[in-house]
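Structure file query37.cif; described as mmCIF, C-alpha atoms.
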```cif
data_my_file
loop_
_atom_site.label_atom_id
_atom_site.label_comp_id
_atom_site.auth_asym_id
_atom_site.auth_seq_id
_atom_site.Cartn_x
_atom_site.Cartn_y
_atom_site.Cartn_z
CA MET L 4 20.52 5.46 -1.55
CA GLU L 5 20.98 1.87 -0.47
CA TYR L 6 18.56 -0.27 1.53
CA LYS L 7 18.24 -3.64 3.25
CA ILE L 8 15.02 -5.38 4.25
CA ILE L 9 15.43 -7.29 7.52
CA GLY L 10 13.19 -9.84 9.24
CA SER L 11 10.55 -12.38 8.24
CA LEU L 12 7.28 -12.15 10.19
CA MET L 13 7.65 -8.43 10.95
CA GLU L 14 9.99 -6.98 8.33
CA SER L 15 11.67 -3.59 8.55
CA VAL L 16 13.73 -1.64 6.04
CA ASP L 17 17.08 0.01 6.77
CA ILE L 18 17.78 2.88 4.36
CA HIS L 19 21.37 4.10 4.11
CA LEU L 20 21.68 7.69 2.89
CA LYS L 21 24.65 9.81 1.87
CA GLN L 22 24.91 13.51 2.71
CA GLY L 23 22.17 15.45 0.91
CA GLU L 24 20.03 12.38 0.11
CA SER L 25 16.45 12.43 1.37
CA VAL L 26 13.35 10.27 1.86
CA TYR L 27 9.84 11.09 3.01
CA THR L 28 7.22 9.16 4.96
CA GLU L 29 3.76 9.55 6.47
CA SER L 30 3.52 11.29 9.83
CA GLY L 31 4.97 9.04 12.56
CA GLY L 32 6.38 6.54 10.04
CA MET L 33 10.03 6.62 11.14
CA ALA L 34 11.16 4.01 13.71
CA TRP L 35 14.78 5.01 14.43
CA MET L 36 17.75 6.72 12.79
CA ARG L 37 21.50 7.03 13.20
CA GLY L 38 23.50 10.03 12.01
CA SER L 39 22.49 13.65 11.56
CA PHE L 40 19.18 14.36 9.80
CA ASP L 41 17.09 17.43 9.06
CA MET L 42 13.33 16.92 9.44
CA ASP L 43 10.80 18.91 7.46
CA THR L 44 7.05 18.31 7.84
CA SER L 45 4.63 19.68 5.26
CA THR L 46 1.56 18.83 3.22
CA LYS L 47 3.93 18.16 0.25
CA GLY L 48 1.99 19.49 -2.71
CA GLY L 49 -0.44 21.69 -0.82
CA LEU L 50 -3.55 21.24 1.30
CA GLY L 51 -5.54 19.66 -1.53
CA ALA L 52 -2.88 16.99 -2.07
CA GLY L 53 -2.76 16.34 1.68
CA ILE L 54 -6.53 15.89 1.92
CA GLY L 55 -6.41 13.53 -1.05
CA ARG L 56 -3.77 11.41 0.69
CA MET L 57 -5.91 11.34 3.86
CA MET L 58 -8.79 9.93 1.81
CA ALA L 59 -6.38 7.24 0.58
CA GLY L 60 -5.44 6.21 4.13
CA GLU L 61 -2.33 8.31 4.75
CA SER L 62 -1.67 11.35 6.94
CA LEU L 63 -2.36 14.97 5.98
CA PHE L 64 1.30 15.82 6.63
CA LEU L 65 4.39 14.06 5.31
CA THR L 66 7.84 14.25 6.91
CA SER L 67 11.08 14.45 4.92
CA TYR L 68 14.39 13.27 6.37
CA THR L 69 17.54 14.69 4.75
CA CYS L 70 20.93 13.31 5.72
CA LYS L 71 23.30 16.05 6.93
CA SER L 72 26.24 13.86 8.02
CA ALA L 73 28.58 11.96 5.68
CA ASP L 74 26.19 9.01 5.89
CA GLY L 75 23.18 8.01 7.94
CA LEU L 76 20.78 5.17 8.61
CA ILE L 77 17.02 5.50 8.94
CA THR L 78 14.68 2.58 9.63
CA PHE L 79 10.99 2.17 8.89
CA THR L 80 8.74 -0.58 10.26
CA PRO L 81 5.23 -1.74 9.26
CA GLU L 82 2.17 -1.30 11.46
CA VAL L 83 1.12 -4.98 11.29
CA PRO L 84 2.92 -8.28 10.55
CA GLY L 85 3.66 -8.51 6.86
CA LYS L 86 6.06 -7.77 4.04
CA VAL L 87 7.96 -4.66 3.00
CA ILE L 88 7.98 -4.45 -0.80
CA PRO L 89 10.53 -2.25 -2.61
CA LEU L 90 9.26 -0.61 -5.80
CA LYS L 91 11.86 0.65 -8.28
CA LEU L 92 9.79 2.87 -10.55
CA GLU L 93 10.80 4.37 -13.88
CA ALA L 94 9.76 7.91 -14.84
CA GLY L 95 5.99 7.94 -15.27
CA GLN L 96 5.57 4.34 -14.08
CA SER L 97 2.72 3.95 -11.58
CA LEU L 98 1.26 1.30 -9.30
CA ILE L 99 -2.19 1.26 -7.69
CA CYS L 100 -2.10 0.19 -4.03
CA GLN L 101 -4.57 -0.50 -1.26
CA LYS L 102 -5.22 2.19 1.33
CA ASP L 103 -2.44 2.82 3.85
CA ALA L 104 0.10 0.74 1.90
CA PHE L 105 2.65 3.52 1.45
CA MET L 106 5.64 3.42 3.83
CA CYS L 107 8.32 5.78 2.49
CA ALA L 108 9.98 6.91 -0.75
CA GLU L 109 12.59 9.04 -2.41
CA GLN L 110 11.61 12.66 -2.96
CA THR L 111 11.16 12.10 -6.71
CA VAL L 112 8.30 9.64 -6.12
CA LYS L 113 4.76 11.04 -6.20
CA LEU L 114 2.06 9.77 -3.81
CA GLU L 115 -1.58 10.61 -4.57
CA MET L 116 -5.07 9.18 -4.30
CA HIS L 117 -6.54 7.01 -7.04
CA PHE L 118 -10.29 7.16 -7.62
CA ARG L 119 -12.11 4.08 -8.89
CA LYS L 120 -14.28 5.08 -11.81
CA LYS L 121 -16.62 2.07 -11.83
CA LEU L 122 -19.53 2.30 -9.41
CA GLY L 123 -19.62 -1.42 -8.59
CA ALA L 124 -15.89 -1.63 -7.93
CA GLY L 125 -16.09 1.34 -5.56
CA LEU L 126 -19.14 0.12 -3.64
CA PHE L 127 -18.23 -3.56 -3.35
CA GLY L 128 -14.49 -3.71 -4.02
CA GLY L 129 -13.41 -3.99 -0.40
CA GLU L 130 -11.42 -0.71 -0.21
CA GLY L 131 -14.10 1.74 -1.33
CA PHE L 132 -13.63 4.26 -4.13
CA ILE L 133 -10.27 5.66 -2.97
CA LEU L 134 -6.94 3.85 -3.37
CA GLN L 135 -3.31 5.02 -3.53
CA LYS L 136 -1.29 5.76 -6.65
CA ILE L 137 2.51 5.78 -6.47
CA THR L 138 4.40 7.18 -9.49
CA GLY L 139 8.10 7.25 -10.32
CA PRO L 140 10.87 7.94 -10.98
CA GLY L 141 12.52 6.60 -7.85
CA THR L 142 12.33 3.93 -5.19
CA ALA L 143 9.34 3.58 -2.86
CA PHE L 144 8.45 1.06 -0.17
CA VAL L 145 5.00 -0.30 0.66
CA GLU L 146 3.86 -2.44 3.59
CA ILE L 147 1.52 -5.35 2.87
CA PRO L 148 -0.09 -7.44 5.67
CA GLY L 149 0.74 -11.15 5.58
CA GLU L 150 2.65 -12.87 2.79
CA VAL L 151 2.58 -11.53 -0.78
CA ARG L 152 2.14 -13.35 -4.10
CA GLU L 153 3.02 -11.57 -7.35
CA ILE L 154 1.12 -12.84 -10.39
CA LYS L 155 1.60 -11.80 -14.01
CA LEU L 156 -1.53 -11.70 -16.15
CA GLY L 157 -1.35 -11.86 -19.94
CA ALA L 158 -3.57 -9.81 -22.21
CA GLY L 159 -7.17 -10.86 -21.57
CA GLU L 160 -6.17 -13.30 -18.80
CA ARG L 161 -8.52 -13.07 -15.82
CA ILE L 162 -8.40 -14.01 -12.16
CA MET L 163 -11.18 -13.78 -9.57
CA VAL L 164 -10.14 -12.72 -6.07
CA ASP L 165 -11.76 -11.96 -2.74
CA PRO L 166 -11.40 -8.14 -2.79
CA GLY L 167 -9.63 -8.01 0.57
CA HIS L 168 -6.68 -9.98 -0.83
CA ILE L 169 -5.78 -7.40 -3.50
CA ALA L 170 -2.74 -5.44 -2.34
CA MET L 171 -1.48 -3.76 -5.50
CA PHE L 172 -1.75 -3.87 -9.31
CA ASP L 173 -0.50 -2.23 -12.49
CA PRO L 174 -2.74 0.51 -13.94
CA SER L 175 -3.04 -1.60 -17.11
CA VAL L 176 -5.00 -4.24 -15.16
CA GLU L 177 -8.77 -3.86 -15.42
CA TYR L 178 -10.57 -4.08 -12.06
CA ASP L 179 -14.25 -5.03 -11.92
CA ILE L 180 -16.72 -6.75 -9.60
CA ALA L 181 -18.77 -9.90 -10.26
CA GLY L 182 -21.58 -11.29 -8.12
CA VAL L 183 -21.26 -14.73 -6.55
CA LYS L 184 -23.64 -17.11 -8.31
CA GLY L 185 -26.07 -19.37 -6.49
CA LEU L 186 -28.21 -18.60 -3.44
CA LYS L 187 -26.52 -21.26 -1.28
CA ASN L 188 -23.09 -19.90 -2.17
CA VAL L 189 -24.17 -16.38 -1.24
CA LEU L 190 -25.71 -17.45 2.08
CA PHE L 191 -23.30 -20.11 3.32
CA SER L 192 -19.91 -19.89 1.55
CA GLY L 193 -18.65 -17.03 3.73
CA GLU L 194 -17.22 -15.32 0.62
CA GLY L 195 -19.74 -12.47 0.56
CA LEU L 196 -21.84 -11.31 -2.36
CA PHE L 197 -19.05 -10.19 -4.71
CA LEU L 198 -15.65 -11.20 -6.04
CA ALA L 199 -13.15 -8.93 -7.74
CA THR L 200 -12.29 -9.68 -11.36
CA LEU L 201 -8.81 -8.65 -12.48
CA THR L 202 -8.04 -8.79 -16.20
CA GLY L 203 -4.58 -8.43 -17.75
CA PRO L 204 -2.22 -7.43 -19.09
CA GLY L 205 -0.17 -6.51 -16.05
CA ASN L 206 1.10 -7.62 -12.67
CA ILE L 207 -0.95 -7.99 -9.51
CA TRP L 208 0.17 -8.47 -5.90
CA LEU L 209 -2.10 -10.51 -3.61
CA GLN L 210 -1.85 -10.60 0.18
CA SER L 211 -2.53 -13.58 2.44
CA LEU L 212 -3.81 -11.53 5.41
CA PRO L 213 -6.44 -8.85 4.71
CA LEU L 214 -6.68 -6.53 7.73
CA SER L 215 -10.47 -6.92 7.73
CA ASN L 216 -10.09 -10.68 8.25
CA LEU L 217 -7.61 -10.15 11.09
CA ALA L 218 -9.91 -7.60 12.75
CA LYS L 219 -12.88 -9.99 12.60
CA LYS L 220 -10.81 -12.80 14.12
CA LEU L 221 -9.50 -10.63 16.96
CA ALA L 222 -12.98 -9.23 17.65
CA ARG L 223 -14.09 -12.68 18.84
CA TYR L 224 -11.68 -12.45 21.76
CA LEU L 225 -12.42 -8.87 22.80
CA PRO L 226 -14.83 -8.26 25.67
CA ALA L 227 -18.29 -7.22 24.55
CA LYS L 228 -19.34 -3.66 25.30
CA ASN L 229 -22.24 -3.24 27.70
#
```

Just give me the structure as structure tokens.
Amino acid sequence: MEYKIIGSLMESVDIHLKQGESVYTESGGMAWMRGSFDMDTSTKGGLGAGIGRMMAGESLFLTSYTCKSADGLITFTPEVPGKVIPLKLEAGQSLICQKDAFMCAEQTVKLEMHFRKKLGAGLFGGEGFILQKITGPGTAFVEIPGEVREIKLGAGERIMVDPGHIAMFDPSVEYDIAGVKGLKNVLFSGEGLFLATLTGPGNIWLQSLPLSNLAKKLARYLPAKN
């Protein structure tokens, strides 16, 4: 499998497959394709796995595309302006992603829900208790709104982040929630009551455009309901 990410503001990924090679995506995730492909839609792992993915922001059913011609091209596009991030995962290597981040992957990659164990992180962490977990081996692609910054944290190194800006992180990174100090800061800073605390070691990926911020901005220009 070979791929090429195209674009800047609204990236897409072209995946070139040889005969017999296959990728899968959430329901409705494919944009266009060239060549001969077999499509197979299933819950991929059973009903329980499908329901778990739904709780993590994906569809109950996943669709596999297997190339039947000598070669083929299949293209996937994000749902909002942002970046397409390729993840080349080793066997057993995992990444924790925000809801609805998954775009597509090789068949060897496992997609499942990830449950936050800490009560505070689940209640006030911006994405709720359920996130996505993507595990190798293989190549997967995620879609992240806005621009993306990758930051490496050393052991014990900590960064505080508005929860909506957290796109993805290594499982080795500890995720917790801390309250904003000071009554005036809580009431007038616009940052909310809580900030996420990420502690290394591990890599984190931060996004410049949380969907919740975009939705609030657009809501100002929508007609009010009577």

Provide an axis-aligned box for all listed atoms of region 11-24 of chain L, padding each side by 4 Å; report its centre and its edge lengths in Å to one decimal, as JSON.
```
{"center_x": 16.1, "center_y": 1.5, "center_z": 5.5, "size_x": 25.6, "size_y": 35.8, "size_z": 18.8}
```

Query raised in the report: List as a ChimeraX atom specification: which residues have an atom within 10 Å of (12.8, 4.4, -4.9), counting only C-alpha atoms?
Result: /L:4-6,26,89-93,107-112,138-144

Report task. Report the residues retrieved by the PyMOL selection byres ((chain L and resi 208-222) around 7) from the displayed file, expressed as JSON, numbers by chain. Result -> {"L": [147, 148, 149, 150, 151, 152, 153, 154, 167, 168, 169, 170, 171, 172, 206, 207, 223, 224, 225]}

Query - Closest of L:Cys70, L:Ile137, L:Ala94, L:Ile88 to Lys113 (chain L) - atom-to-atom distances counting only C-alpha atoms - result: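 Answer, going by the shortest atom-to-atom distance: L:Ile137.
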
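In this model, the gap between CA of Ile133 (chain L) and CA of Val83 (chain L) comes to 21.1 Å.
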
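Taking only C-alpha atoms into account, Leu98 (chain L) lies nearest to L:Gln135 out of the set L:Gln135, L:Ser11, L:Ser67, L:Thr44.
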
Query - Nearest to Val145 (chain L), chosen from L:Phe197, L:Tyr68, L:Phe79, L:Tyr178, with all atoms listed in the file counted in the distances - result: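 Using all atoms listed in the file, Val145 (chain L) sits closest to L:Phe79.
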
Query raised in the report: Taking (25.0, 15.6, 12.1) in the file's coordinates as the center, which residues reach within 7 Å of it, counting all atoms listed in the file, put as a list in words?
Result: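 Answer for this query, in the requested form: Gly38, Ser39, Phe40, Lys71 and Ser72 of chain L.
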
Extract, using all atoms listed in the file, all DNA, RNA and protein residues at most 12 Å from Lys47 (chain L), discarding same-chain residues fewer than 6 positions from it, and format them as a compact mmCIF listing (two decimals) with C-alpha atoms, keeping the file's coordinate frame.
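Writing done, so here's selection_24.txt:
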```txt
# COMPACT_ATOMS: atom_id res chain seq x y z
CA TYR L 27 9.84 11.09 3.01
CA THR L 28 7.22 9.16 4.96
CA GLU L 29 3.76 9.55 6.47
CA SER L 30 3.52 11.29 9.83
CA GLY L 53 -2.76 16.34 1.68
CA ILE L 54 -6.53 15.89 1.92
CA GLY L 55 -6.41 13.53 -1.05
CA ARG L 56 -3.77 11.41 0.69
CA SER L 62 -1.67 11.35 6.94
CA LEU L 63 -2.36 14.97 5.98
CA PHE L 64 1.30 15.82 6.63
CA LEU L 65 4.39 14.06 5.31
CA THR L 66 7.84 14.25 6.91
CA SER L 67 11.08 14.45 4.92
CA GLN L 110 11.61 12.66 -2.96
CA THR L 111 11.16 12.10 -6.71
CA VAL L 112 8.30 9.64 -6.12
CA LYS L 113 4.76 11.04 -6.20
CA LEU L 114 2.06 9.77 -3.81
CA GLU L 115 -1.58 10.61 -4.57
```

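One distance worth recording is that between CA of Ile180 (chain L) and CA of Leu198 (chain L), which is 5.8 Å.
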
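Between CA of Met42 (chain L) and CA of Thr69 (chain L) the interatomic distance comes to 6.7 Å.
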
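The residues caught by the PyMOL selection byres ((chain L and resi 205) around 9) in this file are Ile154, Lys155, Leu156, Gly157, Ala158, Phe172, Asp173, Pro174, Ser175, Val176, Thr202, Gly203, Pro204, Asn206 and Ile207 of chain L.
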